[in-house]
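Here's query.txt, which has compact mmCIF, C-alpha atoms and all ligand atoms:
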```txt
# COMPACT_ATOMS: atom_id res chain seq x y z
CA MET A 20 138.10 76.67 118.52
CA HIS A 21 137.44 80.37 118.19
CA ALA A 22 139.99 81.74 120.63
CA ASN A 23 138.46 84.89 121.99
CA THR A 24 135.09 83.25 122.51
CA ASN A 25 136.75 81.13 125.16
CA ILE A 26 139.29 83.35 126.93
CA PRO A 27 136.60 85.49 128.65
CA LYS A 28 134.98 82.28 129.95
CA TRP A 29 138.23 81.48 131.75
CA ILE A 30 138.33 84.96 133.26
CA GLY A 31 134.81 84.21 134.44
CA ALA A 32 135.96 80.86 135.84
CA ALA A 33 138.71 82.57 137.87
CA ARG A 34 136.15 85.05 139.25
CA GLU A 35 133.71 82.23 139.95
CA TYR A 36 136.41 80.59 142.04
CA LYS A 37 137.05 83.84 143.90
CA ALA A 38 133.33 84.19 144.57
CA THR A 39 132.53 80.60 145.50
CA GLY A 40 135.78 78.84 146.40
CA THR A 41 134.88 76.01 144.04
CA ALA A 42 138.30 74.65 143.10
CA ARG A 43 137.13 73.32 139.75
CA TYR A 44 136.85 76.88 138.43
CA HIS A 45 140.37 77.76 139.52
CA ALA A 46 141.59 74.60 137.77
CA ILE A 47 139.75 75.56 134.57
CA ALA A 48 141.37 79.00 134.51
CA LYS A 49 144.87 77.74 135.37
CA ASN A 50 144.73 74.85 132.94
CA ALA A 51 143.50 77.02 130.10
CA TRP A 52 146.27 79.57 130.78
CA ASP A 53 148.92 76.81 130.73
CA ILE A 54 147.59 75.35 127.49
CA VAL A 55 147.46 78.71 125.71
CA ILE A 56 150.86 79.90 126.90
CA ASN A 57 152.74 76.67 126.22
CA ALA A 58 151.01 75.31 123.13
CA HIS A 59 149.59 78.36 121.32
CA THR A 60 151.52 81.51 122.16
CA TYR A 61 153.94 83.28 119.83
CA ALA A 62 157.13 85.02 121.00
CA ILE A 63 155.34 88.39 121.16
CA GLY A 64 152.75 87.07 123.65
CA GLY A 65 149.83 86.71 121.23
CA ASN A 66 147.93 83.60 120.20
CA SER A 67 145.63 82.41 117.40
CA GLN A 68 145.60 82.56 113.62
CA ALA A 69 142.55 84.01 111.85
CA GLU A 70 141.01 84.32 115.34
CA HIS A 71 141.25 80.55 115.97
CA PHE A 72 143.33 78.24 118.09
CA ARG A 73 145.09 75.93 115.64
CA PRO A 74 146.44 72.48 116.60
CA PRO A 75 148.67 72.63 119.71
CA ASN A 76 152.43 73.06 119.28
CA ALA A 77 152.22 74.25 115.69
CA ILE A 78 153.67 77.75 115.93
CA SER A 79 155.89 77.39 112.86
CA ALA A 80 152.97 76.19 110.73
CA TYR A 81 150.91 79.31 111.46
CA LEU A 82 153.16 82.32 110.94
CA ALA A 83 150.66 84.36 108.97
CA LYS A 84 149.43 87.89 108.34
CA ASP A 85 146.47 87.34 110.65
CA THR A 86 148.17 85.98 113.76
CA ALA A 87 147.79 87.15 117.36
CA GLU A 88 144.39 88.86 117.41
CA SER A 89 144.68 91.81 119.77
CA CYS A 90 141.50 91.07 121.75
CA ASN A 91 142.88 87.66 122.72
CA SER A 92 145.94 89.20 124.33
CA TYR A 93 143.83 91.90 125.96
CA ASN A 94 141.80 89.10 127.58
CA MET A 95 144.82 86.90 128.36
CA LEU A 96 146.24 89.88 130.28
CA LYS A 97 143.01 90.05 132.31
CA LEU A 98 143.12 86.30 132.94
CA THR A 99 146.77 86.58 133.97
CA ARG A 100 145.95 89.29 136.53
CA GLU A 101 143.24 87.10 138.02
CA LEU A 102 145.53 84.08 138.28
CA TRP A 103 148.48 86.03 139.66
CA THR A 104 146.41 87.53 142.46
CA LEU A 105 145.53 83.93 143.43
CA ASP A 106 149.20 82.90 143.34
CA PRO A 107 151.35 86.00 143.85
CA THR A 108 154.63 84.13 144.17
CA ASN A 109 154.31 82.88 140.60
CA VAL A 110 156.52 85.11 138.46
CA ALA A 111 155.61 83.16 135.30
CA TYR A 112 152.33 85.06 135.20
CA VAL A 113 154.03 88.44 135.30
CA ASP A 114 156.74 87.35 132.87
CA PHE A 115 153.93 86.65 130.40
CA TYR A 116 152.24 89.93 131.27
CA GLU A 117 155.41 91.88 130.46
CA ARG A 118 155.98 89.88 127.27
CA ALA A 119 152.52 90.57 125.87
CA VAL A 120 152.34 94.21 126.93
CA LEU A 121 155.84 95.22 125.89
CA ASN A 122 155.90 93.41 122.58
CA GLN A 123 152.48 92.84 121.04
CA MET A 124 150.29 95.40 122.76
CA LEU A 125 152.73 98.32 122.68
CA GLY A 126 153.39 97.54 119.02
CA GLN A 127 149.71 97.25 118.18
CA GLN A 128 149.27 101.02 118.18
CA ASP A 129 150.43 103.38 115.45
CA PRO A 130 152.78 105.71 117.36
CA HIS A 131 152.23 108.46 114.78
CA SER A 132 148.43 108.39 114.88
CA ALA A 133 146.79 111.35 116.60
CA HIS A 134 143.73 109.13 117.11
CA GLY A 135 145.66 106.18 118.51
CA HIS A 136 144.78 103.74 115.74
CA VAL A 137 145.56 100.06 116.26
CA THR A 138 145.87 96.80 114.35
CA TYR A 139 143.52 93.85 114.48
CA PHE A 140 146.26 91.24 114.09
CA SER A 141 150.01 91.31 114.56
CA SER A 142 151.50 89.77 111.43
CA LEU A 143 154.22 87.19 112.01
CA ASN A 144 154.73 86.00 108.42
CA PRO A 145 158.11 86.73 106.81
CA GLY A 146 157.68 90.25 105.40
CA GLY A 147 154.79 91.04 107.73
CA ALA A 148 154.05 94.69 108.34
CA ARG A 149 151.86 97.33 109.89
CA GLY A 150 150.65 100.31 107.92
CA VAL A 151 147.79 102.16 106.25
CA GLY A 152 145.29 100.46 103.96
CA PRO A 153 144.53 96.94 102.71
CA ALA A 154 147.99 96.36 101.24
CA TRP A 155 149.27 95.87 104.78
CA GLY A 156 147.21 92.73 105.28
CA GLY A 157 146.62 91.72 108.88
CA GLY A 158 148.69 94.66 110.07
CA THR A 159 146.37 97.34 108.69
CA TRP A 160 145.80 100.14 111.16
CA SER A 161 142.23 101.05 112.03
CA THR A 162 140.67 104.22 110.66
CA ASP A 163 138.33 106.93 111.89
CA TYR A 164 135.31 105.83 109.84
CA ALA A 165 136.16 102.85 107.60
CA SER A 166 136.70 100.20 110.29
CA PHE A 167 134.92 99.16 113.46
CA TRP A 168 136.57 96.07 114.88
CA CYS A 169 136.42 94.29 118.19
CA CYS A 170 140.15 95.06 118.46
CA GLN A 171 139.46 98.79 118.24
CA GLY A 172 137.23 98.48 121.28
CA THR A 173 139.80 96.55 123.29
CA GLY A 174 142.56 98.66 121.75
CA VAL A 175 141.08 101.83 123.20
CA GLU A 176 141.24 100.18 126.62
CA THR A 177 144.60 98.48 126.27
CA HIS A 178 146.51 101.65 125.62
CA THR A 179 145.08 103.33 128.70
CA LYS A 180 146.01 100.36 130.93
CA PHE A 181 149.78 100.15 130.70
CA MET A 182 150.03 101.26 134.33
CA ASP A 183 147.49 98.93 135.87
CA SER A 184 149.70 95.99 136.73
CA VAL A 185 152.94 97.75 137.64
CA TYR A 186 152.26 97.65 141.41
CA PHE A 187 150.22 95.46 143.72
CA TYR A 188 150.05 95.37 147.49
CA ASP A 189 148.89 93.05 150.25
CA ALA A 190 148.93 93.39 154.02
CA ASP A 191 152.74 93.14 154.28
CA SER A 192 154.16 93.82 150.85
CA LEU A 193 154.45 96.09 147.88
CA TYR A 194 155.09 94.23 144.64
CA ILE A 195 157.02 95.87 141.82
CA ASN A 196 155.89 93.76 138.90
CA LEU A 197 156.79 95.88 135.89
CA PHE A 198 159.60 98.30 135.14
CA THR A 199 158.17 101.46 133.73
CA PRO A 200 158.34 105.14 134.72
CA THR A 201 155.45 105.65 137.11
CA VAL A 202 154.34 107.37 140.30
CA LEU A 203 152.31 105.29 142.74
CA THR A 204 150.17 107.07 145.32
CA TRP A 205 149.90 104.34 147.95
CA SER A 206 147.09 105.96 149.89
CA GLN A 207 146.66 103.05 152.33
CA ARG A 208 150.19 103.68 153.61
CA GLY A 209 150.45 107.39 153.00
CA LEU A 210 153.43 106.81 150.74
CA THR A 211 154.43 107.81 147.26
CA VAL A 212 156.57 105.44 145.22
CA THR A 213 158.33 106.91 142.22
CA GLN A 214 159.91 104.61 139.68
CA SER A 215 162.36 106.23 137.26
CA THR A 216 163.65 104.23 134.31
CA SER A 217 164.09 104.10 130.58
CA PHE A 218 163.65 100.32 130.64
CA PRO A 219 163.92 98.38 128.36
CA ILE A 220 166.44 100.70 126.68
CA THR A 221 168.47 100.47 129.87
CA ASP A 222 168.51 97.63 132.38
CA THR A 223 168.22 99.74 135.53
CA SER A 224 165.22 101.09 137.41
CA THR A 225 165.24 103.36 140.45
CA ILE A 226 162.44 103.18 143.01
CA LYS A 227 162.17 106.02 145.50
CA ILE A 228 159.93 106.00 148.57
CA SER A 229 158.62 109.32 149.82
CA SER A 230 155.88 110.62 152.07
CA GLY A 231 152.59 111.17 150.38
CA PRO A 232 149.15 112.38 151.35
CA GLY A 233 148.14 110.95 154.73
CA ALA A 234 151.73 110.12 155.72
CA SER A 235 152.48 108.71 159.19
CA ALA A 236 150.97 105.34 158.39
CA ASN A 237 153.07 102.30 159.23
CA SER A 238 155.95 102.26 156.78
CA THR A 239 157.27 98.79 157.67
CA PHE A 240 156.70 96.49 154.72
CA THR A 241 158.47 94.16 152.32
CA LEU A 242 159.33 95.47 148.90
CA LYS A 243 159.06 92.52 146.51
CA ILE A 244 160.76 93.16 143.20
CA ARG A 245 160.15 90.80 140.34
CA ILE A 246 163.32 89.26 138.95
CA PRO A 247 162.31 88.22 135.42
CA THR A 248 163.14 84.79 134.08
CA TRP A 249 164.97 86.31 131.09
CA THR A 250 167.70 87.97 133.18
CA SER A 251 170.76 86.63 134.96
CA GLY A 252 173.04 88.35 137.44
CA ALA A 253 170.36 90.75 138.70
CA SER A 254 171.40 93.03 141.55
CA LEU A 255 169.81 95.43 144.03
CA ALA A 256 171.16 98.45 145.86
CA LEU A 257 169.56 100.36 148.74
CA ASN A 258 170.65 103.98 149.07
CA GLY A 259 173.69 103.13 146.98
CA ALA A 260 174.84 100.09 148.95
CA ALA A 261 174.57 96.58 147.50
CA VAL A 262 171.80 94.47 149.04
CA THR A 263 172.58 90.83 149.75
CA THR A 264 169.25 89.24 148.99
CA ALA A 265 168.47 86.41 146.57
CA THR A 266 167.87 87.66 143.03
CA THR A 267 167.03 84.34 141.42
CA PRO A 268 165.44 84.71 137.97
CA GLY A 269 161.77 83.80 138.16
CA SER A 270 161.34 84.91 141.78
CA TYR A 271 160.76 88.02 143.86
CA ALA A 272 163.72 89.69 145.54
CA SER A 273 162.62 90.96 148.95
CA ILE A 274 163.75 93.89 151.07
CA SER A 275 162.00 94.18 154.46
CA ARG A 276 162.53 97.27 156.58
CA SER A 277 160.98 100.32 158.08
CA TRP A 278 161.11 102.65 155.11
CA THR A 279 161.90 106.31 155.50
CA ALA A 280 161.28 109.13 153.08
CA GLY A 281 164.07 109.32 150.54
CA ASP A 282 164.95 105.62 150.58
CA THR A 283 165.96 104.60 147.09
CA VAL A 284 166.26 101.10 145.65
CA THR A 285 168.09 100.53 142.40
CA VAL A 286 167.40 97.31 140.53
CA THR A 287 169.63 96.17 137.68
CA LEU A 288 168.43 93.42 135.35
CA PRO A 289 171.19 92.59 132.86
CA MET A 290 169.96 91.93 129.32
CA LYS A 291 171.41 89.61 126.73
CA PHE A 292 170.37 88.23 123.37
CA ARG A 293 168.27 85.10 123.56
CA THR A 294 166.14 83.04 121.20
CA VAL A 295 162.46 82.26 121.52
CA PRO A 296 162.09 79.12 119.39
CA ALA A 297 158.87 77.98 117.74
CA ASN A 298 157.51 75.18 119.94
CA ASP A 299 157.45 72.75 117.01
CA LYS A 300 160.71 73.77 115.31
CA ARG A 301 163.66 74.60 117.55
CA ASP A 302 165.79 76.00 114.71
CA LEU A 303 163.16 78.61 113.84
CA ALA A 304 163.15 81.38 116.42
CA ALA A 305 162.39 84.95 117.28
CA ILE A 306 165.32 86.95 118.67
CA ALA A 307 164.93 88.87 121.91
CA TYR A 308 167.15 91.24 123.84
CA GLY A 309 166.15 90.95 127.47
CA PRO A 310 162.34 91.27 127.40
CA THR A 311 162.19 92.88 123.96
CA VAL A 312 161.42 90.78 120.90
CA LEU A 313 163.25 92.10 117.83
CA VAL A 314 162.42 92.13 114.13
CA GLY A 315 164.59 92.52 111.05
CA ASN A 316 163.79 95.73 109.15
CA TYR A 317 163.45 94.96 105.43
CA GLY A 318 162.08 98.37 104.43
CA SER A 319 159.92 98.14 101.30
CA ARG A 320 161.56 94.90 100.11
CA THR A 321 159.21 91.97 99.58
CA VAL A 322 160.22 89.08 101.81
CA SER A 323 158.39 85.79 101.36
CA THR A 324 160.92 83.46 103.00
CA ALA A 325 162.87 84.36 106.13
CA PRO A 326 166.65 84.22 105.58
CA THR A 327 168.84 82.22 107.99
CA LEU A 328 170.16 84.43 110.76
CA THR A 329 173.62 83.85 112.20
CA LEU A 330 173.17 84.24 115.95
CA ASP A 331 176.87 84.97 116.58
CA SER A 332 176.53 88.10 114.43
CA LEU A 333 173.98 89.81 116.69
CA ARG A 334 175.22 93.18 117.94
CA ARG A 335 173.70 96.10 119.79
CA THR A 336 174.60 99.22 117.81
CA SER A 337 173.44 101.98 120.18
CA GLU A 338 173.49 102.53 123.93
CA THR A 339 170.67 105.07 123.83
CA THR A 340 168.16 103.28 121.60
CA LEU A 341 167.22 99.66 120.99
CA ALA A 342 169.09 99.35 117.70
CA PHE A 343 170.81 96.14 116.64
CA SER A 344 172.30 94.44 113.62
CA ALA A 345 172.73 90.87 112.47
CA THR A 346 173.75 88.86 109.44
CA ALA A 347 170.86 87.04 107.80
CA GLY A 348 171.08 85.28 104.48
CA GLY A 349 174.61 86.65 104.06
CA SER A 350 173.48 90.30 104.35
CA THR A 351 173.49 92.73 107.23
CA VAL A 352 170.03 93.51 108.55
CA THR A 353 169.01 96.19 111.04
CA MET A 354 167.09 94.80 114.00
CA VAL A 355 164.64 96.88 116.04
CA PRO A 356 162.02 96.07 118.67
CA PHE A 357 158.86 94.39 117.40
CA PHE A 358 156.96 97.33 118.88
CA GLU A 359 158.89 99.70 116.60
CA GLY A 360 158.15 97.63 113.51
CA GLN A 361 155.87 100.27 112.03
CA GLY A 362 155.46 101.15 108.34
CA PHE A 363 158.01 98.68 106.91
CA ASN A 364 158.29 94.97 106.11
CA TYR A 365 159.75 92.93 108.92
CA VAL A 366 160.77 89.39 109.81
CA THR A 367 160.10 88.11 113.33
CA TYR A 368 160.88 84.38 113.13
CA PHE A 369 164.19 83.43 111.48
CA PRO A 370 165.79 80.06 110.76
CA ILE A 371 168.82 80.24 113.07
CA THR A 372 172.36 78.96 113.11
CA GLY A 373 175.17 79.31 115.62
CA ALA A 374 174.84 80.66 119.16
CA VAL A 375 173.93 84.06 120.61
CA PRO A 376 176.86 86.17 121.90
CA SER A 377 177.46 85.45 125.58
ZN ZN A 401 139.47 91.57 118.24
```

Hey, can you dump this file as structure tokens for me?
Ligand SMILES: [Zn+2]
Amino acid sequence: MHANTNIPKWIGAAREYKATGTARYHAIAKNAWDIVINAHTYAIGGNSQAEHFRPPNAISAYLAKDTAESCNSYNMLKLTRELWTLDPTNVAYVDFYERAVLNQMLGQQDPHSAHGHVTYFSSLNPGGARGVGPAWGGGTWSTDYASFWCCQGTGVETHTKFMDSVYFYDADSLYINLFTPTVLTWSQRGLTVTQSTSFPITDTSTIKISSGPGASANSTFTLKIRIPTWTSGASLALNGAAVTTATTPGSYASISRSWTAGDTVTVTLPMKFRTVPANDKRDLAAIAYGPTVLVGNYGSRTVSTAPTLTLDSLRRTSETTLAFSATAGGSTVTMVPFFEGQGFNYVTYFPITGAVPS
């Protein structure tokens, strides 16, 4: 089936449910999300090959230049927002949101382009790449006048929307869903929430509450901080003192109190190496560090077959950037985030051996 013909229908189904309460439409949207995420989604959060859903559970068979059409992920993010607002205890939705935004969508844009050019597909073949002109295959960046794709339309939107799912609120709570430097003007409460972080380079984010325009509103609420499934040993501190609240991966950690200006919460989400195996081939996997999917940098070398990567060899080589190294095929390879895989040949899925460092 043509993937992006269908994803907007599921967004419509979720909205139909919100408008009518007809449970069938909620079931359609939820079921479709589950099928796409579990059976069709690559490590970077994208789905489809040549715009189409291929047979289910066949990730390893479809690692191509034209994988993960950008529009599909743009629409899956919309669908995910709809479903999460119907089930706001379900961290799986936000885990996916982070995965697709941080890996595929951030990487979709040429960081050196003054006009913000983007790719149509995100290549996942061994030796895939993003760059200028037809030689770069599915990873060709758009141009001012020589391209006019659907993914340029959604791309223009995507890269203005990185802030739109960081915070949500309901009658009693403020949800911190994503870790990214932001300032929230919470006008309904007369509060300003400032999040300072260099996540995912570091594993810590600081959230400061202060008075904003219209202050004096009720400042008693529950701060609900997403504890991602990929972390373990997460911790919270309030004004420098450890908070004893559950920080179970895949849940929200809650702090309820009457907040006063200057209150500061620090959240620490330890990161480790992990594998994201192909769903049909467990010994073929992408490597991630915390939320960030990594690629091997092969420069201008032609790579047609991915070398076997020794998981025990994975090392972080910088504290201030996301730089890593590994041994693959008997040689040392530099590993960088998928989103930094720009202008060189990369490998995302490797045959793997051994175990990641603990
Ligand atoms: Zn498109």

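Proximal residues of ligand ZN 401 (chain A) are Asn23, Glu70, Glu88, Ser89, Cys90, Asn91, Tyr139, Phe140, Trp168, Cys169, Cys170, Gln171, Gly172 and Thr173 of chain A, by a cut-off of 8 Å on all atoms listed in the file.
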
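Relative to CA of Thr86 in chain A, CA of Ile54 in chain A is found at 17.4 Å.
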
Give me, as CSV, the closest atom pair and its distance (Å, one decimal) for every residue of range 123-235 of chain A within a cut-off of 10 Å of range 307-313 of chain A, counting only C-alpha atoms, rows sorted by chain and rising number.
```
residue,atom,partner,partner_atom,distance
A:Gln123,CA,A:Val312,CA,9.2
A:Phe218,CA,A:Pro310,CA,9.7
A:Pro219,CA,A:Thr311,CA,7.3
A:Ile220,CA,A:Thr311,CA,9.3
A:Asp222,CA,A:Gly309,CA,8.6
```

Would you pick out the contacts of Tyr81 in chain A at 9 Å or less, using only C-alpha atoms, so that residues sharing its chain but fewer than 5 positions from it are not included, and give the list as a list in words? Ser67, Gln68, Arg73, Thr86, Leu143 and Asn144 of chain A

Have a look at A:Tyr368, A:Phe292, A:Phe358, A:Trp205 and name the one nearest to Arg118 in chain A; count only C-alpha atoms.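 Between A:Tyr368, A:Phe292, A:Phe358, A:Trp205, the residue approaching Arg118 in chain A most closely is A:Phe358.
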
The residue from A:Trp278, A:Phe181, A:Trp103, A:Phe198 with the smallest atom-to-atom distance to Val120 in chain A, counting only C-alpha atoms, is A:Phe181

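Minimum distance to Phe115 in chain A across A:Met95, A:Ala190, A:Leu341, A:Leu328 (counting only C-alpha atoms) occurs at A:Met95.
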
Two-atom distance - CA of Thr340 in chain A, CA of Thr159 in chain A (Å):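 Interatomic distance here is 26.0 Å.
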
Select, from A:Ile228, A:Val286, A:Ala154, A:Ala58, the residue with the minimum atom-to-atom distance to Ala77 in chain A, counting only C-alpha atoms.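 Selected residue with least distance to Ala77 in chain A: A:Ala58.
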
Shell of 10 Å around Val175 in chain A, all atoms listed in the file, local chain residues under 5 positions omitted, as a PyMOL selection string: chain A and resi 128+134-137+170+180

So which residues fall inside 10 Å of (158.2, 91.8, 147.6) if we count only C-alpha atoms? Mind giving them as an MDAnalysis selection string? chainID A and resid 107:108 187:189 191:196 240:245 270:275

Can you pull out the residues contacting range 254-261 of chain A? Cut-off 8 Å, using all atoms listed in the file, and skip same-chain residues under 2 positions away; I want them as a PyMOL selection string. chain A and resi 252+263-264+266+282-288

Smallest atom-to-atom distance to Leu330 in chain A: which of A:Leu303, A:Ala374, A:Pro296, A:Gly157, using all atoms listed in the file?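 Using all atoms listed in the file, Leu330 in chain A sits closest to A:Ala374.
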